[in-house]
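Engineer: Okay, handing you the structure first.
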Amino acid sequence: MWADLAPLGRHPESGGYRRYAWTGADAECRAWFRAEAESRGLAVETDRNGNQWAWLGDPAAGDAVVTGSHLDSVPDGGAFDGPLGVVSAFAALDELRDRGAEFARPFGIVNFGDEEGARFGLACVGSRLAAGQLTREAAYELRDADGISLPEAMEAAGYDPSAIGADPERLGRIGAFVELHVEQGRALDLSGDAVGIASAIWPHGRWRFDFRGEANHAGTTRLVDRRDPMPTYAETVLAARREAELAGAVATFGKVAVEPNGVNAIPSLVRGWLDSRAPDQAALDTVVAAVERAARERAERDGVELAVVRESFTPVIEFGHALRDELDKLLGGAVPVLGTGAGHDAGILSGTVPTAMLFVRNPTGVSHSPAEHAREDDCVAGVRALADVLEGMACR
């Protein structure tokens, strides 16, 4: 499976993946998912929000146990973030069949659409829509860098966007959702464990900073006459690093757009996106407020206008202790429990469905990069752990 999936959406120069929502690479990944599911005798369906589901048994019976993750990527992302959870789901089913396990509850594998938000700027679009955390109206306003709206992209890919929105009936059929994911950090590597259980997802969000100045000639405009937003932006980037370090949080300006974007032109607009995450809400609020304060102080000195828009936000998500404790028991009580600063579909669903997460060791801690990695023996350990959990929850 891993070998078949590996070339899909891989960029030949960067070696990273560009599996963006509703593109050709996305379609190839969806076809791969369908083929793997059908080869195992699973019934495949795509819901109103573009999420793919593969079922063993009748999901309408309710109390289903579901596992899976996503197949899309960040720009030039790694091979493991998302796909490891989907590949492991199919492999865990194979393992359970090898064990002769018989399912007593409906069982599903899911591929959530547009988890990374690489194209439209909002993470977990598929699961947010299903859980009612993203309205149809708000989804229709999402646009990519070329101005193509989400419904236009869905239509171009052959899907009907008219029905997108909350799907309580479908989610109401799920009794538990367990997502396996490569760890995005080095906690397991440092502890020497192959597999861990998630305790919570840090609160996190994305803020857009628009710095507006005045375009002018780079060679003829005196420094004192400039209203250049770039130094303002640069100071804000440094402030983000400084304030995050003080608060024990993380803050990153990883995306920037410049107009007119000419080598010999002073910019009229610098637009930067801040991603910030922290162990608790108070720390996150402190960081974002301090970054915005530093930006406004520098903008006033530079004669630059500043607008700040919060584009997305997810509060702290504490995974339910009952299901988390059940996973721990099924895995023998010797698996470490750790928090994460990364968002996941499991976190979105946690307010509606009992959810839990398993992490597989990442020896370098690198994520969202072609260098992202997990050793094969650790991946196999993850599959076996997932199979143990599913057997205990869904089988006779």
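Letters A, B, ... go to the chains of the structure tokens in the order shown; residues in each chain start at 1; ligands are counted from 1 in the same order.
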Hey, what does DSSP flag as alpha helix (DSSP H) within range 130-213 of chain A? Can you give it to me as a VMD selection string?

Structural biologist: chain A and resid 130 to 131 136 to 140 150 to 156 168 to 171 187 to 191

Engineer: Could you go through range 93-178 of chain A and tell me which residues DSSP, when run on the backbone, assigns to strand (DSSP E or B), listing them as number ranges by chain?

Structural biologist: A: 103, 107-112, 143, 149, 174-178

Engineer: Any chance you could export the current selection's N, CA and C atoms as a PDB file, in the first residue's frame?

Structural biologist:
ATOM      1  N   PHE A 103     -16.177  -9.016  13.811  1.00  0.00           N
ATOM      2  CA  PHE A 103     -16.690  -7.719  14.244  1.00  0.00           C
ATOM      3  C   PHE A 103     -18.096  -7.867  14.806  1.00  0.00           C
ATOM      4  N   PHE A 107     -17.894  -1.294  11.360  1.00  0.00           N
ATOM      5  CA  PHE A 107     -16.525  -0.800  11.354  1.00  0.00           C
ATOM      6  C   PHE A 107     -16.308   0.057  10.108  1.00  0.00           C
ATOM      7  N   GLY A 108     -15.667   1.214  10.292  1.00  0.00           N
ATOM      8  CA  GLY A 108     -15.434   2.111   9.167  1.00  0.00           C
ATOM      9  C   GLY A 108     -14.018   2.642   9.124  1.00  0.00           C
ATOM     10  N   ILE A 109     -13.583   2.961   7.909  1.00  0.00           N
ATOM     11  CA  ILE A 109     -12.309   3.646   7.675  1.00  0.00           C
ATOM     12  C   ILE A 109     -12.632   4.922   6.910  1.00  0.00           C
ATOM     13  N   VAL A 110     -12.072   6.039   7.346  1.00  0.00           N
ATOM     14  CA  VAL A 110     -12.418   7.322   6.751  1.00  0.00           C
ATOM     15  C   VAL A 110     -11.179   8.046   6.234  1.00  0.00           C
ATOM     16  N   ASN A 111     -11.368   8.741   5.127  1.00  0.00           N
ATOM     17  CA  ASN A 111     -10.385   9.681   4.593  1.00  0.00           C
ATOM     18  C   ASN A 111     -11.049  11.050   4.588  1.00  0.00           C
ATOM     19  N   PHE A 112     -10.696  11.890   5.569  1.00  0.00           N
ATOM     20  CA  PHE A 112     -11.287  13.222   5.655  1.00  0.00           C
ATOM     21  C   PHE A 112     -10.675  14.150   4.600  1.00  0.00           C
ATOM     22  N   ARG A 143     -11.688  30.784  -0.624  1.00  0.00           N
ATOM     23  CA  ARG A 143     -11.089  30.880  -1.957  1.00  0.00           C
ATOM     24  C   ARG A 143      -9.607  30.561  -1.894  1.00  0.00           C
ATOM     25  N   SER A 149     -13.303  29.522  -5.729  1.00  0.00           N
ATOM     26  CA  SER A 149     -14.010  29.237  -4.495  1.00  0.00           C
ATOM     27  C   SER A 149     -14.068  27.738  -4.238  1.00  0.00           C
ATOM     28  N   ILE A 174     -21.624   6.927  14.837  1.00  0.00           N
ATOM     29  CA  ILE A 174     -20.286   6.543  15.283  1.00  0.00           C
ATOM     30  C   ILE A 174     -20.247   6.485  16.808  1.00  0.00           C
ATOM     31  N   GLY A 175     -19.848   5.333  17.317  1.00  0.00           N
ATOM     32  CA  GLY A 175     -19.705   5.190  18.760  1.00  0.00           C
ATOM     33  C   GLY A 175     -18.328   5.573  19.255  1.00  0.00           C
ATOM     34  N   ALA A 176     -17.318   5.468  18.391  1.00  0.00           N
ATOM     35  CA  ALA A 176     -15.950   5.841  18.758  1.00  0.00           C
ATOM     36  C   ALA A 176     -15.126   6.039  17.496  1.00  0.00           C
ATOM     37  N   PHE A 177     -14.240   7.043  17.532  1.00  0.00           N
ATOM     38  CA  PHE A 177     -13.318   7.290  16.426  1.00  0.00           C
ATOM     39  C   PHE A 177     -11.903   7.317  16.987  1.00  0.00           C
ATOM     40  N   VAL A 178     -11.021   6.514  16.397  1.00  0.00           N
ATOM     41  CA  VAL A 178      -9.624   6.457  16.814  1.00  0.00           C
ATOM     42  C   VAL A 178      -8.756   6.803  15.615  1.00  0.00           C
TER      43      VAL A 178
END

Engineer: Can you pull out the residues contacting Glu137 in chain A? Cut-off 10 Å, using only C-alpha atoms, and skip same-chain residues under 5 positions away; I want them as a PDB file with N, CA and C atoms, in the first residue's frame.

Structural biologist:
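Wrote it out as part29.pdb, contents follow:
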ATOM      1  N   LEU A 142     -14.782  30.572   1.062  1.00  0.00           N
ATOM      2  CA  LEU A 142     -13.378  30.166   0.993  1.00  0.00           C
ATOM      3  C   LEU A 142     -12.885  30.200  -0.447  1.00  0.00           C
ATOM      4  N   ILE A 164     -23.316  20.628   0.972  1.00  0.00           N
ATOM      5  CA  ILE A 164     -22.335  20.638   2.059  1.00  0.00           C
ATOM      6  C   ILE A 164     -22.939  21.248   3.315  1.00  0.00           C
ATOM      7  N   GLY A 165     -22.452  20.777   4.453  1.00  0.00           N
ATOM      8  CA  GLY A 165     -22.944  21.286   5.722  1.00  0.00           C
ATOM      9  C   GLY A 165     -22.961  20.205   6.787  1.00  0.00           C
TER      10      GLY A 165
END

Engineer: With a cut-off of 12 Å, could you pull out the residues of range 116-151 of chain A touching range 268-278 of chain A and give me the nearest pair of atoms for each, distance in Å to one decimal, using only C-alpha atoms, ordered by chain and ascending number, as JSON lines?

Structural biologist:
{"residue": "A:Gly121", "atom": "CA", "partner": "A:Trp273", "partner_atom": "CA", "distance": 9.8}
{"residue": "A:Leu122", "atom": "CA", "partner": "A:Asp275", "partner_atom": "CA", "distance": 11.7}
{"residue": "A:Ala123", "atom": "CA", "partner": "A:Asp275", "partner_atom": "CA", "distance": 11.7}

Engineer: Output N, CA and C atoms of each residue in that selection to a file, as an mmCIF file, in the first residue's frame.

Structural biologist:
data_model
loop_
_atom_site.group_PDB
_atom_site.id
_atom_site.type_symbol
_atom_site.label_atom_id
_atom_site.label_comp_id
_atom_site.auth_asym_id
_atom_site.auth_seq_id
_atom_site.Cartn_x
_atom_site.Cartn_y
_atom_site.Cartn_z
ATOM 1 N N GLY A 121 -6.874 27.709 2.991
ATOM 2 C CA GLY A 121 -6.442 28.460 4.164
ATOM 3 C C GLY A 121 -7.117 28.089 5.469
ATOM 4 N N LEU A 122 -8.026 27.114 5.455
ATOM 5 C CA LEU A 122 -8.699 26.682 6.676
ATOM 6 C C LEU A 122 -8.491 25.189 6.845
ATOM 7 N N ALA A 123 -7.976 24.794 8.003
ATOM 8 C CA ALA A 123 -7.692 23.385 8.249
ATOM 9 C C ALA A 123 -8.964 22.611 8.572
#

Engineer: Could you build a table of the residues in range 223-331 of chain A lying no more than 12 Å from range 184-195 of chain A, giving for each the nearest pair of atoms and their separation in Å rounded to one decimal place, using only C-alpha atoms, ordered by chain and ascending residue number, as a Markdown table?

Structural biologist:
| residue | atom | partner | partner_atom | distance |
| --- | --- | --- | --- | --- |
| A:Leu327 | CA | A:Val195 | CA | 11.7 |
| A:Asp328 | CA | A:Val195 | CA | 11.1 |
| A:Leu331 | CA | A:Val195 | CA | 9.8 |

Engineer: Can you tell me, as a VMD selection string, what residues are no more than 7 Å from Gly382 in chain A when counting only C-alpha atoms, ignoring any on the same chain fewer than 4 positions away?

Structural biologist: chain A and resid 195 360 378 386

Engineer: Those same residues, written as a tab-separated table (two decimals), in the first residue's frame with N, CA and C atoms?

Structural biologist:
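Final output, selection05.tsv:
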chain	number	residue	atom	x	y	z
A	195	VAL	N	4.95	3.81	20.38
A	195	VAL	CA	3.56	4.26	20.25
A	195	VAL	C	3.16	5.03	21.50
A	360	VAL	N	2.61	7.46	16.48
A	360	VAL	CA	3.72	6.58	16.13
A	360	VAL	C	5.00	7.40	16.15
A	378	ASP	N	8.46	0.74	13.65
A	378	ASP	CA	7.54	1.54	14.45
A	378	ASP	C	6.16	1.61	13.80
A	386	LEU	N	-3.06	-0.38	16.90
A	386	LEU	CA	-4.39	-0.01	16.41
A	386	LEU	C	-5.28	-1.25	16.30

Engineer: Taking only C-alpha atoms into account, which of A:Val250, A:Val309, A:Ala6, A:Ala294 comes nearest Asp280 in chain A?

Structural biologist: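 When distances to Asp280 in chain A are compared using only C-alpha atoms, the smallest one comes from A:Val250.
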
Engineer: For Leu171 in chain A, which of A:Asp228, A:Asp47, A:Asp325, A:Asp114 is the closest residue, counting only C-alpha atoms?

Structural biologist: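 Smallest distance to Leu171 in chain A is found for A:Asp47.
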
Engineer: Compile the contact shell of range 218-222 of chain A as a ChimeraX atom specification: residues with an atom at most 8 Å away, counting only C-alpha atoms, same-chain residues fewer than 4 positions apart removed.

Structural biologist: /A:226,264-266

Engineer: At a cut-off of 7 Å, using only C-alpha atoms, what residues contact Leu330 in chain A? Leave out same-chain residues fewer than 6 positions from it and give the result as a ChimeraX atom specification.

Structural biologist: /A:388-389,392

Engineer: So that I have them on file, write out the residues from the current selection with N, CA and C atoms, as a compact mmCIF listing (two decimals), in the first residue's frame.

Structural biologist:
# COMPACT_ATOMS: atom_id res chain seq x y z
N ASP A 388 -5.05 -3.96 18.08
CA ASP A 388 -5.42 -4.36 19.45
C ASP A 388 -6.58 -3.53 19.97
N VAL A 389 -6.51 -2.23 19.72
CA VAL A 389 -7.57 -1.32 20.16
C VAL A 389 -8.89 -1.65 19.46
N GLY A 392 -10.43 -4.93 20.69
CA GLY A 392 -11.04 -4.80 22.00
C GLY A 392 -12.34 -4.03 21.98
